[in-house]
Amino acid sequence: MRTIRQIIIHCTATPEGSSLSVKALRAEHLRRGFSDIGYHYYVRRDGTVINTRSVARIGAHAKGHNKYSIGVAYEGGLDASGNPADTRTPLQRTALRKLVADLLNRYHDTYVCGHRDLSPDLNGNGEIEPEEWIKQCPCFDVKSNL
């Protein structure tokens with residue numbers, strides 16, 4: 001088993017009210033050159049949690065962090081106009097909290113962060129601030145909203 005140090009939360013950048021099936025997610029990741037879905041878990045709008053990649057396999061979800069992390073993505077992340085927004089449904093919020101709690105119980109000495117929190121600290125103040133984010137993903141503050 002590989003060492004896990006991070007649980008990284010992502011969104012699929014799917015507009016609110018749109019669906020992204022596992023088949024479509026796989027097709028998108030294959031189109032991008034991945035060998036399969038890069039996330040280990042996928043949380044659908046109805047709260048269904050799907051194990052999309054074995055945790056034993058290194059993910060393809062956060063460049064430079066994949067070796068020691070688990071990638072979790074939720075369906076959504078964009079409002080109806082295509083702007084970044086926290087579109088998680090109540091069922092997704094519950095499922096995501098439960099999944100992360102289970103993973104933290106299974107993998108000790110890990111921490112949870114959003115993909116955007118891995119952006120470089122451009123001003124060197126020790127904090128990743130919104131103007132430094134490379135992307136908005138997962139479109140909510142993981143530390144205060146998970």
# chains A, B, ... in the order shown; residues from 1 in each chain; ligands from 1
call {"tool": "residues_around", "arguments": {"residues": "range 28-45 of chain A", "least_positions_apart": "6", "cutoff": "10 Å", "atoms": "only C-alpha atoms", "output": "ChimeraX atom specification"}}
result
/A:8-12,16-22,51-62,66,69-76,87-93,95-96,99
call {"tool": "write_last_selection", "arguments": {"atoms": "C-alpha atoms", "output": "mmCIF file, in the first residue's frame"}}
result
data_model
loop_
_atom_site.group_PDB
_atom_site.id
_atom_site.type_symbol
_atom_site.label_atom_id
_atom_site.label_comp_id
_atom_site.auth_asym_id
_atom_site.auth_seq_id
_atom_site.Cartn_x
_atom_site.Cartn_y
_atom_site.Cartn_z
ATOM 1 C CA ILE A 8 -7.409 16.674 -2.133
ATOM 2 C CA ILE A 9 -10.930 17.876 -2.918
ATOM 3 C CA HIS A 10 -11.886 18.825 -6.482
ATOM 4 C CA CYS A 11 -14.965 19.753 -8.469
ATOM 5 C CA THR A 12 -15.667 18.570 -12.002
ATOM 6 C CA GLU A 16 -25.351 23.595 -11.996
ATOM 7 C CA GLY A 17 -28.270 21.541 -13.266
ATOM 8 C CA SER A 18 -26.083 19.537 -15.654
ATOM 9 C CA SER A 19 -25.098 15.951 -15.127
ATOM 10 C CA LEU A 20 -21.699 14.365 -15.661
ATOM 11 C CA SER A 21 -21.907 10.600 -15.738
ATOM 12 C CA VAL A 22 -18.994 8.399 -14.773
ATOM 13 C CA ASN A 51 -14.829 4.577 -6.178
ATOM 14 C CA THR A 52 -13.473 5.464 -9.638
ATOM 15 C CA ARG A 53 -9.828 4.504 -9.136
ATOM 16 C CA SER A 54 -8.197 2.113 -6.698
ATOM 17 C CA VAL A 55 -6.498 3.987 -3.858
ATOM 18 C CA ALA A 56 -3.549 1.640 -4.397
ATOM 19 C CA ARG A 57 -2.999 3.394 -7.765
ATOM 20 C CA ILE A 58 -1.429 6.849 -7.903
ATOM 21 C CA GLY A 59 -4.028 9.357 -9.063
ATOM 22 C CA ALA A 60 -3.941 11.914 -11.853
ATOM 23 C CA HIS A 61 -5.623 14.914 -10.241
ATOM 24 C CA ALA A 62 -3.056 17.339 -8.739
ATOM 25 C CA ASN A 66 -0.483 12.624 -6.824
ATOM 26 C CA SER A 69 -2.676 11.768 -2.128
ATOM 27 C CA ILE A 70 -6.232 10.643 -2.673
ATOM 28 C CA GLY A 71 -8.306 12.683 -5.116
ATOM 29 C CA VAL A 72 -11.984 13.247 -4.379
ATOM 30 C CA ALA A 73 -14.185 15.134 -6.846
ATOM 31 C CA TYR A 74 -17.768 16.259 -6.587
ATOM 32 C CA GLU A 75 -20.097 16.727 -9.542
ATOM 33 C CA GLY A 76 -20.564 20.455 -10.073
ATOM 34 C CA THR A 87 -23.063 23.999 -6.122
ATOM 35 C CA ARG A 88 -22.914 21.044 -3.746
ATOM 36 C CA THR A 89 -26.316 19.673 -2.891
ATOM 37 C CA PRO A 90 -27.182 18.837 0.723
ATOM 38 C CA LEU A 91 -26.763 15.147 -0.180
ATOM 39 C CA GLN A 92 -23.308 15.827 -1.640
ATOM 40 C CA ARG A 93 -22.249 17.800 1.425
ATOM 41 C CA ALA A 95 -21.636 12.280 1.509
ATOM 42 C CA LEU A 96 -18.421 14.292 1.137
ATOM 43 C CA LEU A 99 -16.214 10.028 2.893
#
call {"tool": "select_by_dssp", "arguments": {"residues": "chain A", "states": "alpha helix (DSSP H)", "output": "PyMOL selection string"}}
result
chain A and resi 22-31+90-106+142-145
call {"tool": "residues_around", "arguments": {"residues": "Leu146 in chain A", "least_positions_apart": "3", "cutoff": "7 Å", "atoms": "only C-alpha atoms", "output": "list in words"}}
result
Arg97, Val142 and Lys143 of chain A
call {"tool": "atom_distance", "arguments": {"atom1": "CA of Ala101 in chain A", "atom2": "CA of Ala24 in chain A"}}
result
27.6 Å
call {"tool": "select_by_dssp", "arguments": {"residues": "range 99-133 of chain A", "states": "strand (DSSP E)", "output": "list of chain:residue names"}}
result
A:Tyr111, A:Val112, A:Cys113, A:Gly114
call {"tool": "closest_residue", "arguments": {"among": "A:Gly124, A:Ile4, A:His65, A:Gly82", "to": "Arg106 in chain A", "atoms": "only C-alpha atoms"}}
result
A:Ile4
call {"tool": "residues_around", "arguments": {"residues": "Gln136 in chain A", "least_positions_apart": "2", "cutoff": "7 Å", "atoms": "only C-alpha atoms", "output": "PyMOL selection string"}}
result
chain A and resi 84+116+133+138-139
call {"tool": "closest_residue", "arguments": {"among": "A:Gly64, A:Asp86, A:Leu118, A:Tyr107", "to": "Glu132 in chain A", "atoms": "only C-alpha atoms"}}
result
A:Leu118
call {"tool": "atom_distance", "arguments": {"atom1": "CA of Asn145 in chain A", "atom2": "CA of Ile7 in chain A"}}
result
14.7 Å
call {"tool": "decode", "arguments": {"residues": "range 71-96 of chain A", "atoms": "C-alpha atoms", "output": "PDB file, in the first residue's frame"}}
result
ATOM      1  CA  GLY A  71      -8.306  12.683  -5.116  1.00  0.00           C
ATOM      2  CA  VAL A  72     -11.984  13.247  -4.379  1.00  0.00           C
ATOM      3  CA  ALA A  73     -14.185  15.134  -6.846  1.00  0.00           C
ATOM      4  CA  TYR A  74     -17.768  16.259  -6.587  1.00  0.00           C
ATOM      5  CA  GLU A  75     -20.097  16.727  -9.542  1.00  0.00           C
ATOM      6  CA  GLY A  76     -20.564  20.455 -10.073  1.00  0.00           C
ATOM      7  CA  GLY A  77     -18.611  23.595  -9.265  1.00  0.00           C
ATOM      8  CA  LEU A  78     -20.075  26.052 -11.774  1.00  0.00           C
ATOM      9  CA  ASP A  79     -23.287  28.057 -11.589  1.00  0.00           C
ATOM     10  CA  ALA A  80     -25.790  28.002 -14.482  1.00  0.00           C
ATOM     11  CA  SER A  81     -23.797  30.798 -16.185  1.00  0.00           C
ATOM     12  CA  GLY A  82     -20.524  28.859 -15.972  1.00  0.00           C
ATOM     13  CA  ASN A  83     -18.989  30.850 -13.098  1.00  0.00           C
ATOM     14  CA  PRO A  84     -17.216  29.110 -10.185  1.00  0.00           C
ATOM     15  CA  ALA A  85     -19.710  28.445  -7.372  1.00  0.00           C
ATOM     16  CA  ASP A  86     -20.310  26.052  -4.517  1.00  0.00           C
ATOM     17  CA  THR A  87     -23.063  23.999  -6.122  1.00  0.00           C
ATOM     18  CA  ARG A  88     -22.914  21.044  -3.746  1.00  0.00           C
ATOM     19  CA  THR A  89     -26.316  19.673  -2.891  1.00  0.00           C
ATOM     20  CA  PRO A  90     -27.182  18.837   0.723  1.00  0.00           C
ATOM     21  CA  LEU A  91     -26.763  15.147  -0.180  1.00  0.00           C
ATOM     22  CA  GLN A  92     -23.308  15.827  -1.640  1.00  0.00           C
ATOM     23  CA  ARG A  93     -22.249  17.800   1.425  1.00  0.00           C
ATOM     24  CA  THR A  94     -23.244  14.935   3.706  1.00  0.00           C
ATOM     25  CA  ALA A  95     -21.636  12.280   1.509  1.00  0.00           C
ATOM     26  CA  LEU A  96     -18.421  14.292   1.137  1.00  0.00           C
TER      27      LEU A  96
END
